[in-house]
Amino acid sequence: MELHRELSLSFDILFDKGNSFASSIGLTFTVSPQVRDVYKGAGLFIPLYNGEESWKLPVTATFVVDISGRVVLAWKETDHTRRLEPEKILETLQCLVSID
């Protein structure tokens, strides 16, 4: 975890090499050959980032998991330009804190 050490983070970072976990729960798509050419032209070689040869990318998703491992918020969006509003995440986290 080079990035973890480099940033001196006090929390863990998940790296899903090859998008294997995301694929197992249906949160990936394969980049079409036409888009691959565009990415390559821009210097983006997705297999290099994936750590293996696939052209899979993850779908935008956010999960909040409580201390017992229960998913208390799950959100996904196929439009990569959209994200879950931070306020919703904070609201969910605040509910978890107030339960303790």
# chains A, B, ... in the order shown; residues from 1 in each chain; ligands from 1
$ select_by_dssp --residues "stretch 1-99 of chain A" --states "strand (DSSP E or B)" --output "list in words"
Thr28, Phe29, Thr30, Lys56, Leu57, Pro58, Thr60, Ala61, Thr62, Phe63, Val64, Val65, Val71, Val72, Leu73, Ala74, Trp75, Lys76 and Glu77 of chain A
$ write_last_selection --atoms "C-alpha atoms" --output "mmCIF file, in the first residue's frame"
data_model
loop_
_atom_site.group_PDB
_atom_site.id
_atom_site.type_symbol
_atom_site.label_atom_id
_atom_site.label_comp_id
_atom_site.auth_asym_id
_atom_site.auth_seq_id
_atom_site.Cartn_x
_atom_site.Cartn_y
_atom_site.Cartn_z
ATOM 1 C CA THR A 28 -18.382 -3.075 -13.624
ATOM 2 C CA PHE A 29 -18.687 -2.590 -17.340
ATOM 3 C CA THR A 30 -16.305 -3.338 -20.189
ATOM 4 C CA LYS A 56 -13.264 -3.200 -17.150
ATOM 5 C CA LEU A 57 -14.154 -0.073 -15.226
ATOM 6 C CA PRO A 58 -16.186 0.152 -12.042
ATOM 7 C CA THR A 60 -19.744 4.765 -9.571
ATOM 8 C CA ALA A 61 -20.862 3.450 -6.184
ATOM 9 C CA THR A 62 -20.789 4.439 -2.527
ATOM 10 C CA PHE A 63 -21.271 2.136 0.444
ATOM 11 C CA VAL A 64 -21.381 2.868 4.158
ATOM 12 C CA VAL A 65 -20.776 -0.198 6.297
ATOM 13 C CA VAL A 71 -24.309 -2.246 4.687
ATOM 14 C CA VAL A 72 -26.391 0.711 5.874
ATOM 15 C CA LEU A 73 -26.176 2.764 2.677
ATOM 16 C CA ALA A 74 -25.734 1.481 -0.866
ATOM 17 C CA TRP A 75 -25.799 3.749 -3.905
ATOM 18 C CA LYS A 76 -24.752 3.188 -7.527
ATOM 19 C CA GLU A 77 -24.950 5.210 -10.703
#
$ closest_residue --among "A:Glu2, A:Glu52, A:Glu87, A:Asp66" --to "A:Lys17" --atoms "only C-alpha atoms"
A:Glu52
$ atom_distance --atom1 "atom CA of A:Asp79" --atom2 "atom CA of A:Asn19"
17.8 Å
$ residues_around --residues "A:Gly51" --least-positions-apart "3" --cutoff "8 Å" --atoms "only C-alpha atoms" --output "compact mmCIF listing (two decimals) with N, CA and C atoms, in the first residue's frame"
# COMPACT_ATOMS: atom_id res chain seq x y z
N LYS A 17 -8.03 -4.92 -7.18
CA LYS A 17 -7.20 -5.26 -8.35
C LYS A 17 -8.03 -6.03 -9.37
N GLY A 18 -8.02 -5.50 -10.58
CA GLY A 18 -8.76 -6.13 -11.66
C GLY A 18 -10.27 -6.02 -11.52
N PRO A 47 -5.91 -1.33 -18.65
CA PRO A 47 -5.31 -2.53 -18.06
C PRO A 47 -4.12 -2.23 -17.13
N LEU A 48 -3.39 -1.19 -17.41
CA LEU A 48 -2.27 -0.83 -16.54
C LEU A 48 -2.77 -0.44 -15.15
$ residues_around --residues "A:Val35" --least-positions-apart "2" --cutoff "12 Å" --atoms "only C-alpha atoms" --output "ChimeraX atom specification"
/A:30-33,37-42,44-46,55-56
$ write_last_selection --atoms "C-alpha atoms" --output "CSV table (one decimal), in the first residue's frame"
chain,number,residue,atom,x,y,z
A,30,THR,CA,-16.3,-3.3,-20.2
A,31,VAL,CA,-15.1,-0.4,-22.2
A,32,SER,CA,-16.1,-0.7,-25.9
A,33,PRO,CA,-13.4,-1.1,-28.6
A,37,ASP,CA,-9.1,3.8,-28.9
A,38,VAL,CA,-10.1,7.2,-27.5
A,39,TYR,CA,-8.6,6.3,-24.1
A,40,LYS,CA,-5.4,5.0,-25.7
A,41,GLY,CA,-5.1,8.2,-27.8
A,42,ALA,CA,-5.3,10.2,-24.5
A,44,LEU,CA,-5.0,6.1,-20.7
A,45,PHE,CA,-4.3,2.4,-20.8
A,46,ILE,CA,-6.9,0.9,-18.4
A,55,TRP,CA,-10.7,-3.2,-20.0
A,56,LYS,CA,-13.3,-3.2,-17.2
